[in-house]
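What follows is upload.cif (mmCIF, C-alpha atoms).
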data_structure
#
loop_
_atom_site.label_atom_id
_atom_site.label_comp_id
_atom_site.auth_asym_id
_atom_site.auth_seq_id
_atom_site.Cartn_x
_atom_site.Cartn_y
_atom_site.Cartn_z
CA MET A 1 0.00 0.00 0.00
CA ARG A 2 1.37 3.39 -0.97
CA LYS A 3 1.41 6.33 1.36
CA GLY A 4 -0.35 9.60 0.56
CA ARG A 5 1.17 12.40 -1.43
CA ALA A 6 3.89 14.47 0.19
CA LYS A 7 2.71 17.87 1.42
CA LYS A 8 3.88 20.94 -0.47
CA ARG A 9 6.29 22.91 1.67
CA ILE A 10 5.59 26.60 1.96
CA LEU A 11 8.67 28.59 0.97
CA LEU A 12 9.57 31.81 2.72
CA PRO A 13 9.94 34.83 0.43
CA ASP A 14 13.50 35.93 -0.32
CA PRO A 15 14.95 38.70 1.87
CA LYS A 16 15.69 41.28 -0.85
CA PHE A 17 12.69 41.19 -3.21
CA GLY A 18 10.12 39.40 -1.03
CA LYS A 19 9.09 36.77 -3.61
CA ALA A 20 8.72 33.05 -2.88
CA LEU A 21 9.41 32.23 -6.56
CA ILE A 22 12.92 33.67 -6.18
CA THR A 23 13.50 31.43 -3.15
CA ARG A 24 12.46 28.44 -5.27
CA PHE A 25 14.88 29.50 -8.01
CA VAL A 26 17.71 29.97 -5.51
CA ASN A 27 17.00 26.50 -4.08
CA ASN A 28 17.54 25.12 -7.59
CA ILE A 29 20.83 27.03 -7.97
CA MET A 30 22.07 25.83 -4.59
CA LEU A 31 24.76 23.14 -4.45
CA ASP A 32 25.84 21.27 -1.30
CA GLY A 33 23.41 23.21 0.91
CA LYS A 34 25.20 26.54 0.34
CA LYS A 35 22.17 28.80 0.22
CA ASN A 36 24.02 32.05 0.95
CA THR A 37 26.31 31.41 -2.02
CA ALA A 38 23.25 30.69 -4.18
CA TYR A 39 21.58 33.94 -3.05
CA LYS A 40 24.80 35.85 -3.80
CA ILE A 41 24.92 34.36 -7.32
CA PHE A 42 21.28 35.31 -7.97
CA TYR A 43 21.54 38.85 -6.56
CA ASP A 44 24.79 39.51 -8.45
CA ALA A 45 23.08 38.29 -11.64
CA MET A 46 20.20 40.70 -10.93
CA ASP A 47 22.73 43.55 -10.49
CA ILE A 48 24.36 42.67 -13.85
CA ILE A 49 20.94 42.60 -15.54
CA SER A 50 19.92 45.97 -14.05
CA SER A 51 23.20 47.52 -15.22
CA LYS A 52 22.77 46.15 -18.77
CA SER A 53 19.06 46.84 -19.11
CA THR A 54 17.57 50.23 -18.42
CA GLU A 55 13.95 49.88 -19.56
CA GLU A 56 12.69 47.45 -16.88
CA ASP A 57 13.43 46.24 -13.37
CA ALA A 58 15.74 43.17 -13.14
CA VAL A 59 13.14 41.05 -11.32
CA VAL A 60 10.51 41.85 -13.98
CA ILE A 61 13.00 40.81 -16.68
CA TRP A 62 13.72 37.56 -14.79
CA GLU A 63 9.99 36.78 -14.42
CA LYS A 64 9.34 37.51 -18.12
CA SER A 65 12.30 35.35 -19.18
CA LEU A 66 11.04 32.49 -16.98
CA GLU A 67 7.60 32.88 -18.57
CA ASN A 68 9.17 32.75 -22.06
CA ILE A 69 10.85 29.39 -21.42
CA MET A 70 8.09 27.50 -19.59
CA PRO A 71 6.76 24.69 -21.81
CA SER A 72 3.00 24.23 -22.21
CA VAL A 73 3.15 20.70 -23.69
CA GLU A 74 5.59 17.83 -23.33
CA VAL A 75 5.83 14.24 -24.54
CA ARG A 76 5.59 11.24 -22.24
CA SER A 77 6.49 7.70 -23.22
CA ARG A 78 3.73 5.11 -23.08
CA ARG A 79 4.04 1.45 -23.96
CA ILE A 80 1.08 0.10 -25.91
CA GLY A 81 1.07 -3.39 -27.38
CA GLY A 82 4.83 -3.82 -27.52
CA ALA A 83 5.47 -0.40 -29.08
CA THR A 84 6.52 2.73 -27.23
CA PHE A 85 4.75 5.92 -28.25
CA GLN A 86 5.65 9.50 -27.40
CA ILE A 87 2.34 11.00 -26.30
CA PRO A 88 1.96 14.78 -26.06
CA GLN A 89 0.41 16.03 -22.82
CA PRO A 90 -0.20 19.46 -21.30
CA VAL A 91 2.19 20.38 -18.50
CA ARG A 92 0.88 21.15 -15.00
CA GLU A 93 1.51 24.72 -13.81
CA ASP A 94 3.87 23.65 -11.03
CA ARG A 95 5.89 21.44 -13.39
CA LYS A 96 6.09 24.25 -15.97
CA ILE A 97 7.84 26.47 -13.46
CA SER A 98 10.23 23.79 -12.24
CA LEU A 99 11.15 22.69 -15.79
CA GLY A 100 11.80 26.30 -16.80
CA MET A 101 13.99 26.90 -13.75
CA LYS A 102 15.97 23.68 -14.18
CA TRP A 103 16.54 24.32 -17.88
CA MET A 104 17.64 27.91 -17.27
CA ILE A 105 20.11 26.98 -14.52
CA GLY A 106 21.42 23.94 -16.42
CA PHE A 107 22.11 25.88 -19.60
CA ALA A 108 23.56 28.79 -17.60
CA ARG A 109 26.09 26.38 -16.05
CA LYS A 110 27.14 25.25 -19.54
CA ARG A 111 27.82 28.80 -20.79
CA SER A 112 31.34 30.07 -21.34
CA GLU A 113 31.36 33.27 -19.24
CA LYS A 114 33.74 33.52 -16.31
CA THR A 115 31.55 33.49 -13.18
CA MET A 116 28.21 31.81 -12.49
CA CYS A 117 26.46 35.14 -11.90
CA GLU A 118 27.60 36.36 -15.36
CA LYS A 119 26.46 33.07 -16.92
CA LEU A 120 23.06 33.29 -15.21
CA ALA A 121 22.58 36.94 -16.16
CA ALA A 122 23.42 36.19 -19.81
CA GLU A 123 21.01 33.24 -19.90
CA ILE A 124 18.21 35.30 -18.30
CA LEU A 125 18.70 38.11 -20.83
CA ALA A 126 18.79 35.62 -23.72
CA ALA A 127 15.53 34.03 -22.52
CA TYR A 128 14.00 37.50 -22.13
CA ARG A 129 14.81 38.21 -25.79
CA GLU A 130 13.43 34.76 -26.74
CA GLU A 131 16.77 33.34 -27.86
CA GLY A 132 19.51 31.17 -26.40
CA ALA A 133 19.76 27.51 -25.43
CA THR A 134 16.90 27.51 -22.91
CA PHE A 135 14.41 28.99 -25.36
CA LYS A 136 15.58 26.52 -28.01
CA LYS A 137 14.91 23.67 -25.54
CA LYS A 138 11.32 24.90 -25.12
CA GLN A 139 10.90 25.16 -28.91
CA ASP A 140 12.26 21.62 -29.38
CA THR A 141 9.88 20.27 -26.72
CA HIS A 142 6.93 21.92 -28.47
CA LYS A 143 8.07 20.65 -31.88
CA MET A 144 8.33 17.09 -30.57
CA ALA A 145 4.81 17.34 -29.11
CA GLU A 146 3.52 18.74 -32.42
CA ALA A 147 5.19 15.93 -34.39
CA ASN A 148 3.59 13.29 -32.16
CA LYS A 149 0.12 14.81 -31.90
CA ALA A 150 -1.25 11.86 -33.93
CA PHE A 151 -0.80 9.76 -30.78
CA ALA A 152 -2.71 12.19 -28.54
CA HIS A 153 -5.68 9.80 -28.43
CA PHE A 154 -3.50 7.41 -26.34
CA ARG A 155 -3.44 9.98 -23.54
CA PHE A 156 -3.80 8.48 -20.06
#
Re-express the file's structure as structure tokens.
Amino acid sequence: MRKGRAKKRILLPDPKFGKALITRFVNNIMLDGKKNTAYKIFYDAMDIISSKSTEEDAVVIWEKSLENIMPSVEVRSRRIGGATFQIPQPVREDRKISLGMKWMIGFARKRSEKTMCEKLAAEILAAYREEGATFKKKQDTHKMAEANKAFAHFRF
């Protein structure tokens, strides 16, 4: 017998901007439990963004870039009669956010800039302008779902 679902933990808002979404993002950046280092990386990236961009606030740019890279559909594998099909499915709101965050941080780590805050700032700005590796990942996910929409009737 399986136990019930795990309860969602309520995250405290971050100290500088007062948003729980930022705390969630910082938790994804964090390695080895070093939350202060993760906060420093994020805040330094926000400073870099605010120095490069003059038209909007850095947090607004970050939120818009996160919105630009969140996928609305994804493909899930399903085995039917010995064959495996890629079935397109809509993404839950919570999963959209976590996929977007993980993609952004993952591709920021792979960039060639010198420090992590520079890498993160560059990736955020690229996603804001709807370009870069993270945005391409979203486009590829949508293309794969579009290509497999013939199997949508297998949805579970």
What would the selection look like, as number ranges by chain, if the PyMOL selection byres ((chain A and resi 27) around 12) were run on the coordinates I just shared?
A: 11-14, 20-26, 28-39, 41-42, 98, 101-102, 105
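Counting from CA of Lys52 in chain A, the distance to CA of Met104 in chain A is 19.0 Å.
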Do you know which residues the PyMOL selection byres ((chain A and resi 126) around 12) returns on this file, as a PyMOL selection string?
chain A and resi 49+61-62+64-66+68-69+104+107-108+111+119-125+127-136
Excluding same-chain residues fewer than 3 positions from Met144 in chain A, what lies within 12 Å of it counting all atoms listed in the file, as an MDAnalysis selection string?
chainID A and resid 71 73:76 85:89 137:141 147:151
Find the axis-aligned box for range 85-101 of chain A, covering all its listed atoms and adding 6 Å on each side, and write its centre and edge lengths in Å to one decimal as AutoDock Vina command-line options.
--center_x 6.9 --center_y 16.4 --center_z -19.6 --size_x 26.2 --size_y 33.0 --size_z 29.2
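For the pair CA of Ser53 in chain A and CA of Glu113 in chain A, the separation is 18.3 Å.
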How many Å separate CA of Arg109 in chain A from CA of Glu63 in chain A?
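Going from CA of Arg109 in chain A over to CA of Glu63 in chain A, I get 19.2 Å.
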Residue nearest Trp103 in chain A among A:Met70, A:Ala83, A:Ala145, A:Ala58 (counting all atoms listed in the file)
A:Met70
Incomplete range 33-44 of chain A filled out to all heavy atoms as a JSON list (two decimals), in the coordinates of the input:
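Printed below is rebuild-v7.json as written:
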[["chain", "number", "residue", "atom", "x", "y", "z"],
["A", 33, "GLY", "N", 24.04, 22.50, -0.20],
["A", 33, "GLY", "CA", 23.41, 23.21, 0.91],
["A", 33, "GLY", "C", 23.91, 24.61, 1.14],
["A", 33, "GLY", "O", 23.66, 25.20, 2.19],
["A", 34, "LYS", "N", 24.63, 25.19, 0.17],
["A", 34, "LYS", "CA", 25.20, 26.54, 0.34],
["A", 34, "LYS", "C", 24.21, 27.58, -0.19],
["A", 34, "LYS", "O", 24.35, 28.11, -1.29],
["A", 34, "LYS", "CB", 26.53, 26.63, -0.39],
["A", 34, "LYS", "CG", 27.53, 25.64, 0.15],
["A", 34, "LYS", "CD", 28.92, 25.97, -0.28],
["A", 34, "LYS", "CE", 29.89, 25.07, 0.46],
["A", 34, "LYS", "NZ", 31.24, 25.56, 0.41],
["A", 35, "LYS", "N", 23.23, 27.90, 0.64],
["A", 35, "LYS", "CA", 22.17, 28.80, 0.22],
["A", 35, "LYS", "C", 22.64, 30.24, 0.12],
["A", 35, "LYS", "O", 22.23, 30.97, -0.79],
["A", 35, "LYS", "CB", 20.99, 28.71, 1.18],
["A", 35, "LYS", "CG", 19.72, 29.31, 0.61],
["A", 35, "LYS", "CD", 18.55, 29.03, 1.51],
["A", 35, "LYS", "CE", 17.42, 28.47, 0.67],
["A", 35, "LYS", "NZ", 16.28, 28.03, 1.43],
["A", 36, "ASN", "N", 23.51, 30.68, 1.02],
["A", 36, "ASN", "CA", 24.02, 32.05, 0.95],
["A", 36, "ASN", "C", 24.79, 32.28, -0.34],
["A", 36, "ASN", "O", 24.66, 33.35, -0.96],
["A", 36, "ASN", "CB", 24.92, 32.37, 2.15],
["A", 36, "ASN", "CG", 24.11, 32.70, 3.39],
["A", 36, "ASN", "OD1", 22.97, 33.11, 3.28],
["A", 36, "ASN", "ND2", 24.71, 32.51, 4.55],
["A", 37, "THR", "N", 25.57, 31.30, -0.75],
["A", 37, "THR", "CA", 26.31, 31.41, -2.02],
["A", 37, "THR", "C", 25.32, 31.49, -3.18],
["A", 37, "THR", "O", 25.51, 32.28, -4.10],
["A", 37, "THR", "CB", 27.23, 30.19, -2.20],
["A", 37, "THR", "OG1", 28.03, 30.05, -1.02],
["A", 37, "THR", "CG2", 28.13, 30.34, -3.40],
["A", 38, "ALA", "N", 24.26, 30.68, -3.12],
["A", 38, "ALA", "CA", 23.25, 30.69, -4.18],
["A", 38, "ALA", "C", 22.54, 32.04, -4.24],
["A", 38, "ALA", "O", 22.30, 32.58, -5.34],
["A", 38, "ALA", "CB", 22.25, 29.57, -3.95],
["A", 39, "TYR", "N", 22.20, 32.60, -3.08],
["A", 39, "TYR", "CA", 21.58, 33.94, -3.05],
["A", 39, "TYR", "C", 22.53, 34.99, -3.64],
["A", 39, "TYR", "O", 22.11, 35.86, -4.39],
["A", 39, "TYR", "CB", 21.20, 34.34, -1.62],
["A", 39, "TYR", "CG", 19.79, 33.96, -1.23],
["A", 39, "TYR", "CD1", 19.54, 33.14, -0.14],
["A", 39, "TYR", "CD2", 18.69, 34.43, -1.94],
["A", 39, "TYR", "CE1", 18.25, 32.80, 0.24],
["A", 39, "TYR", "CE2", 17.40, 34.10, -1.57],
["A", 39, "TYR", "CZ", 17.18, 33.28, -0.49],
["A", 39, "TYR", "OH", 15.90, 32.94, -0.14],
["A", 40, "LYS", "N", 23.80, 34.88, -3.29],
["A", 40, "LYS", "CA", 24.80, 35.85, -3.80],
["A", 40, "LYS", "C", 24.88, 35.77, -5.32],
["A", 40, "LYS", "O", 24.91, 36.79, -6.01],
["A", 40, "LYS", "CB", 26.16, 35.57, -3.17],
["A", 40, "LYS", "CG", 27.20, 36.63, -3.52],
["A", 40, "LYS", "CD", 28.44, 36.47, -2.69],
["A", 40, "LYS", "CE", 29.54, 37.43, -3.00],
["A", 40, "LYS", "NZ", 29.34, 38.43, -4.00],
["A", 41, "ILE", "N", 24.89, 34.55, -5.86],
["A", 41, "ILE", "CA", 24.92, 34.36, -7.32],
["A", 41, "ILE", "C", 23.70, 35.02, -7.96],
["A", 41, "ILE", "O", 23.83, 35.77, -8.93],
["A", 41, "ILE", "CB", 24.97, 32.86, -7.67],
["A", 41, "ILE", "CG1", 26.34, 32.27, -7.34],
["A", 41, "ILE", "CG2", 24.65, 32.63, -9.16],
["A", 41, "ILE", "CD1", 26.38, 30.75, -7.36],
["A", 42, "PHE", "N", 22.51, 34.76, -7.39],
["A", 42, "PHE", "CA", 21.28, 35.31, -7.97],
["A", 42, "PHE", "C", 21.26, 36.83, -7.89],
["A", 42, "PHE", "O", 20.95, 37.50, -8.88],
["A", 42, "PHE", "CB", 20.05, 34.72, -7.27],
["A", 42, "PHE", "CG", 18.76, 35.22, -7.84],
["A", 42, "PHE", "CD1", 18.28, 34.69, -9.04],
["A", 42, "PHE", "CD2", 18.03, 36.21, -7.21],
["A", 42, "PHE", "CE1", 17.09, 35.16, -9.59],
["A", 42, "PHE", "CE2", 16.84, 36.67, -7.75],
["A", 42, "PHE", "CZ", 16.38, 36.15, -8.95],
["A", 43, "TYR", "N", 21.58, 37.38, -6.73],
["A", 43, "TYR", "CA", 21.54, 38.85, -6.56],
["A", 43, "TYR", "C", 22.59, 39.54, -7.43],
["A", 43, "TYR", "O", 22.33, 40.61, -7.98],
["A", 43, "TYR", "CB", 21.70, 39.23, -5.09],
["A", 43, "TYR", "CG", 20.52, 38.84, -4.22],
["A", 43, "TYR", "CD1", 20.70, 38.46, -2.91],
["A", 43, "TYR", "CD2", 19.23, 38.84, -4.73],
["A", 43, "TYR", "CE1", 19.62, 38.10, -2.10],
["A", 43, "TYR", "CE2", 18.15, 38.48, -3.94],
["A", 43, "TYR", "CZ", 18.35, 38.13, -2.62],
["A", 43, "TYR", "OH", 17.28, 37.76, -1.84],
["A", 44, "ASP", "N", 23.77, 38.94, -7.56],
["A", 44, "ASP", "CA", 24.79, 39.51, -8.45],
["A", 44, "ASP", "C", 24.31, 39.46, -9.91],
["A", 44, "ASP", "O", 24.55, 40.41, -10.66],
["A", 44, "ASP", "CB", 26.11, 38.75, -8.32],
["A", 44, "ASP", "CG", 26.82, 39.05, -6.99],
["A", 44, "ASP", "OD1", 26.36, 39.96, -6.27],
["A", 44, "ASP", "OD2", 27.81, 38.36, -6.67]]
